[in-house]
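S.K.: Quick one: the structure is below, questions incoming.
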Amino acid sequence: MQQAQRGWIFWAVAALFVGAAAVATFSIKNEYPFFAGYLILQFMVLATAWNILGGYAGYVNFGTSAFFGLGVYTAVFLFKATGAPLLVQIAVAAAVGALLGFLVGLLTLRMRGIFFSIATIALTIIIETFIINWKFVGGATGMPMIRPPAMPPFDSYIKMLFVNGAVMVVIAVALARFIQGSWIGRGLRALRDDELAAACSGVPTLKLKLLACVISGALMCAAGAPNAMYLSFADPASAFNLNYSVSALAMALIGGTGHWIGPVLGALLLSSTQQLLTVTISSEVNVLVLGLMLVLFVVAAPDGILGLFRRVRARFTGDAGGRV
Amino acid sequence: MSQALLDVKGVTKRFGGFTALDAVSVAIRPGERFGLVGPNGSGKTTLINCISGVLGLDKGTISFLGADISKLPTYLRTRRGIARSFQIPRPFRTMTVIENLMVAFEFTAGHGHGGHQSRDEAMALLEQMGLGAKAFRPSSELSQVELRKMELARAMAARPKLLISDEAMAGLSSAEIDEVLDLLIKVNQDGITIIMIEHIMHAVMRFSERVMCLDAGRIIASGTPAEVMADQRVQEAYLGASSQG
Amino acid sequence: MFSFELLLDAVVLGLLVGCFYAAVSIGLSVSFGLLDVPHVAHPAFLVLASYGTYILNQHGIDPIIAGLMLMPVLFVFGLFAYRVYYETFERRGGDAGVRGIAFFFGVAFVIEVLIILMFGVDQRSVQALYIGKSMGIGDMRIPLRLLVAFGVALTLTAALALYLARTFTGRAIRAVAQDELALRLMGANPVAVKQWAFGIATAVLGPAGALLIIVAPVDPTLDRAYIGRTFCVVVMAGLGSMSGTLIAGIILGVIESIVLTLYGASWAPAISFAMLLAVLAVRPQGLMGR
């Protein structure tokens with residue numbers, strides 16, 4: 001299949017996706033599916049964003065919660081200070097995320113992999129501590145967020161968030177897909193496999209890592225912005241909850257880190273499972289299952305679900321190939 | 001006197017209290033076949049790491065094509081024309097053999113050059129190394145010896161002006177050593193300067209126009225292969241303390 | 001409000017707590033500092049050990065004794081954990097780094113959740129003769145439990161340092177960190193040595209976990225704060241240095257204590273992480289760099 005043909009198919013599917021989301025908001029009256037669906041879309045963005053740095057470049061980011069929480073509080077601050085509309089909140093959050101990604105990258109990307117990971121945990125705690133001490137956005141007790149009226153043609157705010165979420169998924173996936181297929185993706189893959197050999201083969205390793213950090217950070221932060229309105233409440237413990245870090249990582253790893261479909265698949269499966277478990281059993285068990293699945297997949301199926309598909313397909317067609 | 005291709009001036013490198021290189025100076029001429037020898041731990045790989053930019057210098061400068069590259073990041077040195085292979089092969093494990101080479105092609109020739117032409121060149125390189133049949137196999141399947149050959153092929157894929165081969169022939173059979181030597185000589189005849197680090201003495205003798213011997217971070221001998229091999233200090237360095245009373 | 005007495009109090013407390021930080025970090029000095037295992041689950045194991053102490057204490061056993069009793073169990077657990085890690089990640093090479101980190105992260109997470117399921121999110125503490133009383137030294141009143149913790153911590157650190165320096169297996173562990181090939185040539189099996197070392201590093205968490213719950217009540221999410229503290233200490237010390245761990249622990253303890261006194265408790269969690277980042281940026285090889 002030609003590159004151009006694949007492009008058309010992708011954008012056609014993307015348009016259908018957003019279209020379906022929009023149609024659903026007009027035909028389904030009950031708001032609950034949109035509450036649940038929004039979360040799945042949110043995690044699709046987070047997992048895709050994580051994968052750009054974690055999967056393609058091989059730098060395991062434990063600090064998704066930091067960026068997400070920062071996005072939440074950027075929205076809170078903007079709304080409280082200027083009453084800015086949702087799209088502005090998201091755009092500014094993306095810019096803040098990009099800047100933070102750049103600074104973090106500059107500081108930590110020269111370090112060994114594990115120090116980068118720990119530095120990202122440090123980031124979460126440090127930023128959370130600052131926010132807790134910031135009275136203007138509610139400090140430790142949190143801040144209620146009163147939703148403004150939804151923009152037409154939507155009649156409910158949640159439905160608007162849902163469609164917005166769908167658009168964000170398309171943007172995130174399109175970015176990931178572009179990177180994956182371009183020289184940037186190939187360079188990232190080389191540096192992931194062996195950073196030293198990559199540099200000696202002409203790959204601008206630091207620049208590419210910074211780029212991945214910036215894009216990843218921007219997307220994660222942008223994903224956090226609508227969350228404040230989604231919950232109608234923002235507090236540091238929830239916004240910076242470590243679960244976001246574990247989830248984004250787990251969803252990408254379980255889905256498969258080599259291809260942009262992996263995180264989307266992982267997010268779909270895990271987020272649905274999580275919501276099901278929370279509703280039927282308890283939220284602790286849901287989190288336990290998440291952790292166990294992460295460990296299980298990392299040990300037994302390191303290439304995730306996509307990798308399993310590939311192995312099954314290889315067995316049937318007798319083709320091994322070299323891709324991971 | 002023609003300008004040196006690579007000019008190493010007074011390079012000193014320390015690791016904590018240990019001096020790996022002590023005021024090493026050498027000028028490599030364009031088109032030269034240069035051999036670098038010395039016992040284990042004498043600083044050969046450290047010197048290569050300094051030249052390729054993997055390590056920074058404590059003292060001294062390194063110039064390439066007349067420009068000071070002492071502070072230049074590794075990837076830019078590669079793009080200017082310095083390529084090296086690693087003593088212990090460092091393949092891109094998740095890629096096929098040919099993809100390994102394509103990385104070097106793409107990132108030294110400029111983006112968007114991953115098309116058919118580079119592919120054909122990559123195949124040709126692999127054929128020359130005897131890896132043609134394995135071009136589309138995952139690099140993780142290769143034997144140690146094949147990995148060494150791929151290392152060299154990948155370094156050549158960077159279309160270097162200066163190629164540094166770091167013990168590329170360890171573990172190769174006699175016939176394979178000759179193959180690789182012939183290939184390197186041909187590459188050199190196409191205009192590429194080559195620095196060869198080797199322990200296999202007959203290879204160094206056959207290949208090099210000029211040889212330099214390091215010991216404990218210092219140059220102890222430099223000259224034609226015959227001169228260096230006959231040098232008593234070189235013999236002592238390899239055999240340990242002098243056997244004379 | 002600044003007063004010299006307040007500052008002195010802070011420094012003394014910081015000294016005591018700092019030794020305690022060193023004690024909970026020495027295991028990591030071995031597993032991460034010497035063995036290069038990306039053991040982000042170390043603090044989770046630590047918290048697990050303190051809950052183990054809690055259970056034994058419920059049956060009337062003194063917490064320090066409980067900690068010692070847990071050592072054999074933890075040792076075996078450590079052997080097993082390293083085997084799993086080695087077979088899954090170090091053998092395979094390549095992408096193992098990423099997955100190794102993710103693995104330990106997942107394990108830490110699972111441990112935290114299991115503790116929540118078994119004990120709930122409330123804090124737990126232990127009872128002992130020395131908890132609840134304080135002693136007067138000069139002008140200051142120092143909680144007795146901190147003095148006990150100080151003493152045990154020093155003993156533990158010294159014991160491990162001696163073990164590594166004087167015994168045959170201890171020296172083998174140091175050797176394997178520096179030159180695996182040489183060790184192999186000497187006839188020792190590096191993997192077995194590393195496994196043993198990891199077992200020791202985990203066993204040490206027994207008394208360390210006991211100290212944790214002696215010094216202050218524990219809750220399931222405590223491991224997050226201690227990732228910062230333990231890695232801060234280990235990195236500041238210079239990977240693998242035991243004496244460095246003690247010094248680094250004291251530095252962290254004192255600085256935390258001073259900041260706490262001057263600015264209040266809400267800034268406390270960030271200090272160790274901020275120091276860690278600073279050390280990584282400025283002098284990554286630590287005080288006694290390897």
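Ordering of the structure tokens sets the chain letters (A, B, ...); residue numbers start at 1 within each chain; ligands are numbered from 1 in the order shown.
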Quick one: which residues from chain C are at most 7 Å off chain A, using only C-alpha atoms, as a PyMOL selection string?

M.R.: chain C and resi 38+88+94-95+98-99+101+103+106-107+109-110+113+117+228+267+269-270+273+277+281

S.K.: List as a PyMOL selection string the protein and nucleic acid residues near region 201-212 of chain B, meaning an atom at most 10 Å away when only C-alpha atoms are counted, but skip any in the same chain fewer than 5 places from it.

M.R.: chain B and resi 26+28+32-38+169+174+177-178+180-182+184-185+194-196+219-229+234

S.K.: Give me, please, the distance in Å between CA of Val279 (chain A) and CA of Tyr32 (chain A), quoted to one decimal.

M.R.: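 Separation between CA of Val279 (chain A) and CA of Tyr32 (chain A): 12.7 Å.
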
S.K.: Can I get the residues of region 199-291 of chain A within 12 Å of region 309-315 of chain A, each with the closest pair of atoms and their distance in Å to one decimal, using only C-alpha atoms, sorted chain first then ascending number, as a Markdown table?

M.R.:
| residue | atom | partner | partner_atom | distance |
| --- | --- | --- | --- | --- |
| A:Gly255 | CA | A:Phe309 | CA | 10.6 |
| A:Gly256 | CA | A:Phe309 | CA | 10.1 |
| A:Gly258 | CA | A:Arg310 | CA | 11.5 |
| A:His259 | CA | A:Arg310 | CA | 11.8 |
| A:Gly262 | CA | A:Phe309 | CA | 11.0 |

S.K.: DSSP on the backbone: what in region 171-226 of chain B comes out alpha helix (DSSP H), as JSON, numbers by chain?

M.R.: {"B": [174, 175, 176, 177, 178, 179, 180, 181, 182, 183, 184, 185, 186, 187, 188, 189, 201, 202, 203, 204, 205, 206, 207, 225, 226]}

S.K.: So that I have them on file, write out the residues from the current selection with C-alpha atoms, as a PDB file, in the first residue's frame.

M.R.:
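Okay, out-v2.pdb is ready:
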ATOM      1  CA  SER B 174      42.497 -15.744   8.456  1.00  0.00           C
ATOM      2  CA  ALA B 175      40.532 -15.614   5.229  1.00  0.00           C
ATOM      3  CA  GLU B 176      38.048 -13.144   6.677  1.00  0.00           C
ATOM      4  CA  ILE B 177      40.848 -10.908   7.910  1.00  0.00           C
ATOM      5  CA  ASP B 178      42.268 -10.808   4.407  1.00  0.00           C
ATOM      6  CA  GLU B 179      38.826 -10.004   3.009  1.00  0.00           C
ATOM      7  CA  VAL B 180      38.339  -7.110   5.367  1.00  0.00           C
ATOM      8  CA  LEU B 181      41.858  -5.837   4.777  1.00  0.00           C
ATOM      9  CA  ASP B 182      41.336  -5.909   1.021  1.00  0.00           C
ATOM     10  CA  LEU B 183      38.104  -4.039   1.480  1.00  0.00           C
ATOM     11  CA  LEU B 184      39.732  -1.414   3.678  1.00  0.00           C
ATOM     12  CA  ILE B 185      42.586  -0.969   1.235  1.00  0.00           C
ATOM     13  CA  LYS B 186      40.121  -0.502  -1.590  1.00  0.00           C
ATOM     14  CA  VAL B 187      38.134   1.986   0.481  1.00  0.00           C
ATOM     15  CA  ASN B 188      41.376   3.810   1.127  1.00  0.00           C
ATOM     16  CA  GLN B 189      42.161   3.873  -2.580  1.00  0.00           C
ATOM     17  CA  MET B 201      50.006  -7.665  14.080  1.00  0.00           C
ATOM     18  CA  HIS B 202      50.291  -9.042  10.593  1.00  0.00           C
ATOM     19  CA  ALA B 203      47.151  -7.160   9.640  1.00  0.00           C
ATOM     20  CA  VAL B 204      48.599  -3.903  10.943  1.00  0.00           C
ATOM     21  CA  MET B 205      51.869  -4.559   9.194  1.00  0.00           C
ATOM     22  CA  ARG B 206      50.233  -5.323   5.880  1.00  0.00           C
ATOM     23  CA  PHE B 207      47.790  -2.464   6.037  1.00  0.00           C
ATOM     24  CA  PRO B 225      55.452  -0.635  10.616  1.00  0.00           C
ATOM     25  CA  ALA B 226      58.870  -2.278  10.465  1.00  0.00           C
TER      26      ALA B 226
END
